[in-house]
Amino acid sequence: MLMQLTLGGLSQGMIYALVALSLTVVYRSTTVVNFGHGDFVMAGAFLSYVLVVLAGIAFLPAAALAMIAMFALGVLFNRGLIRPVKGGPHIGLALMCIAAGYLLRGIARMVWGREVLPMPPAFDMEPIFIGNLVITGDAVFIIGTVLVLLLVFFGLLALTDLGKMVQAVYQSPRGARLIGLNVERFDDFAWGVGAALGALGGILVAPVSLLHPDLGASFLIKGFAAMTLGGFGSLGGAVLGGVLLGIAEQYAGAYIDSALIEITAYLVIVLVLFIRPQGLFGRKAVVKV
Amino acid sequence: MPDKPLLEIRDLHVGYGKKPILRGASYDVMPGECLTLLGANGSGKSTSLNAVCGFVRPSSGSVMFDGTETAGLPPHRIFAHGIAQVSQARDLFPDLSVEDNLRLGAMRRGGRELSQTLEGIYARFPRLKERRRQPTRTLSGGEQQMVAIGRALMSRPRLLLLDEPSGGLSPQFCEEIAQIIDALKLEGVTMLMVEQNLNLAFRAADRFIVLRDGQVVDGGDVRAMAGDHDAIVRNIYL
């Protein structure tokens, strides 16, 4: 029972980790919390639905195409909507993100209304039985994909020159300019990567859940909760926070009350802010000099 | 030919919002010299440096670097021409190691002689070699300043801008900075420096310029002024 819950939570938590990580990628580079990010997740899911169901493309190439499209959308979003208002007050950036999110949601509603769409299963595989633990193909696929992606992401960040440059931009944009980096281009890149990773979250859950235009809202909250738990702004913390949140939801739902699954994220946000506001990996309010 | 300036600033106007800082400043920096900008707070010294390296966009006027107009270019394009700044806040990457900070200074130049240049920096600053694996936030102020200078030198700049290199550091370290500047001059690096510490400014620079209200009001050879700092101080602050 415990193992089964942990596995289910891990599988769900990997998705949260992806959403929280992609939110953090954007937040760290531009200090903008993308309030429209949930709708990027939704757009990823719907794009893959369109490509698989309507265009008849196989799941994997469809997923790749959807991520490329979302990367482009992220870059365009930054260039067209965020960069022009960047010098202004922060609230303008937040509202721009909300507006863009609602725009995506509006497009999805216009096409699909309030329909709930089933996506054909993508990872057909016989479940694996270990004792009384059942490992489904979905779980294997989700956990495996996200693990590989995380390895690549953190490996690139820590070990390559490009990754060091990204860290440089994160830690001191002015310093990055002093060494001749085109910081604006790095910001574009961060928005592109953030949008694509968030979309992948949607793509991965699409085959195991039902699609509807409003599905992004709950992912945004889960992403925030994961970031808060891990330490707002910490990349590793976002991942760990996401995984822990996924598992906590399952435990709370099974051992306390199934109604708790939906509100675990809110409880986590409140508890963390009361007990350890900087989260697990956050540093106490760093004053930038 | 040494009589052709490396950097020519002509009638430069820079303002933040409605407030003008530089109001038609004109001066030259000759190849191989260290020119120091003097002046009271708000006279436009740091703004001069930031306009030269592209952090602020001049509203009018010209900045010619070795025959190329660079006024209005973004910082990374100006950097590619060979202008690097050591800023007052140093702007290091606090969580990256000393070595990563230094290596990043050479990223835009391409990697072939990178390790050679790095050894050169370590030879100049042996203390940085000892601490090369430490994150720069754990270093003392003086060591951080060495990283900042080293990082700028990693790009092998043709013009090095130094904004308050002695800022907040001990007198002993000021002498160290002066020796670094001497050594750089021997290697032919041209420098434009802002320095509040007049002892250091006159010890290290060849020439000085006094800015007041965004215009050049005085200037000359440092040696000719030896022993007459009082006159300059009066000129700056009165």
# chains A, B, ... in the order shown; residues from 1 in each chain; ligands from 1
$ interface_residues --of "chain B" --to "chain A" --cutoff "7 Å" --atoms "only C-alpha atoms" --output "number ranges by chain"
B: 75-76, 79-80, 84-85, 91-94, 104-105, 108
$ write_last_selection --atoms "C-alpha atoms" --output "compact mmCIF listing (two decimals), in the first residue's frame"
# COMPACT_ATOMS: atom_id res chain seq x y z
CA PRO B 75 27.05 46.23 -24.22
CA HIS B 76 27.84 42.83 -25.74
CA PHE B 79 32.61 44.27 -25.48
CA ALA B 80 33.35 42.41 -28.71
CA ALA B 84 35.95 45.60 -20.70
CA GLN B 85 34.87 47.24 -17.47
CA ASP B 91 29.26 42.23 -10.24
CA LEU B 92 30.85 38.81 -9.79
CA PHE B 93 28.92 35.55 -9.98
CA PRO B 94 28.78 34.78 -6.25
CA LEU B 104 33.61 33.19 -18.13
CA GLY B 105 35.53 36.41 -18.76
CA ARG B 108 33.21 35.68 -25.90
$ select_by_dssp --residues "stretch 108-207 of chain B" --states "strand (DSSP E)" --output "PyMOL selection string"
chain B and resi 159-163+190-194+207
$ residues_around --residues "A:Ser234" --least-positions-apart "4" --cutoff "8 Å" --atoms "only C-alpha atoms" --output "list in words"
Thr24, Met227, Gly230, Ala238, Phe281 and Gly282 of chain A
$ closest_residue --among "A:Leu159, A:Leu104, A:Leu76, A:Ala20" --to "A:Gly233" --atoms "only C-alpha atoms"
A:Ala20
$ residues_around --residues "A:Ile135" --least-positions-apart "5" --cutoff "10 Å" --atoms "only C-alpha atoms" --output "ChimeraX atom specification"
/A:4,7-8,126-130,140
$ atom_distance --atom1 "atom CA of A:Ala58" --atom2 "atom CA of A:Val208"
16.3 Å
$ atom_distance --atom1 "atom CA of B:Arg90" --atom2 "atom CA of B:Ile78"
18.7 Å
$ closest_atom_pairs --of "stretch 58-168 of chain B" --to "stretch 203-218 of chain B" --cutoff "12 Å" --atoms "only C-alpha atoms" --output "CSV"
residue,atom,partner,partner_atom,distance
B:Leu162,CA,B:Ala205,CA,11.6
B:Pro165,CA,B:Ala204,CA,11.3
B:Ser166,CA,B:Ala204,CA,11.7
$ atom_distance --atom1 "atom CA of A:Cys97" --atom2 "atom CA of A:Gly237"
23.3 Å
$ residues_around --residues "B:Val86" --least-positions-apart "4" --cutoff "7 Å" --atoms "only C-alpha atoms" --output "PyMOL selection string"
chain B and resi 90+148-149+152+161-163
$ residues_around --residues "A:Gly74" --least-positions-apart "5" --cutoff "7 Å" --atoms "only C-alpha atoms" --output "PyMOL selection string"
chain A and resi 191-192+195
$ residues_around --residues "stretch 255-262 of chain A" --least-positions-apart "4" --cutoff "12 Å" --atoms "only C-alpha atoms" --output "count of residues only"
19
$ closest_residue --among "B:Arg57, B:Leu192, B:Pro31, B:Thr36" --to "B:Val222" --atoms "only C-alpha atoms"
B:Thr36
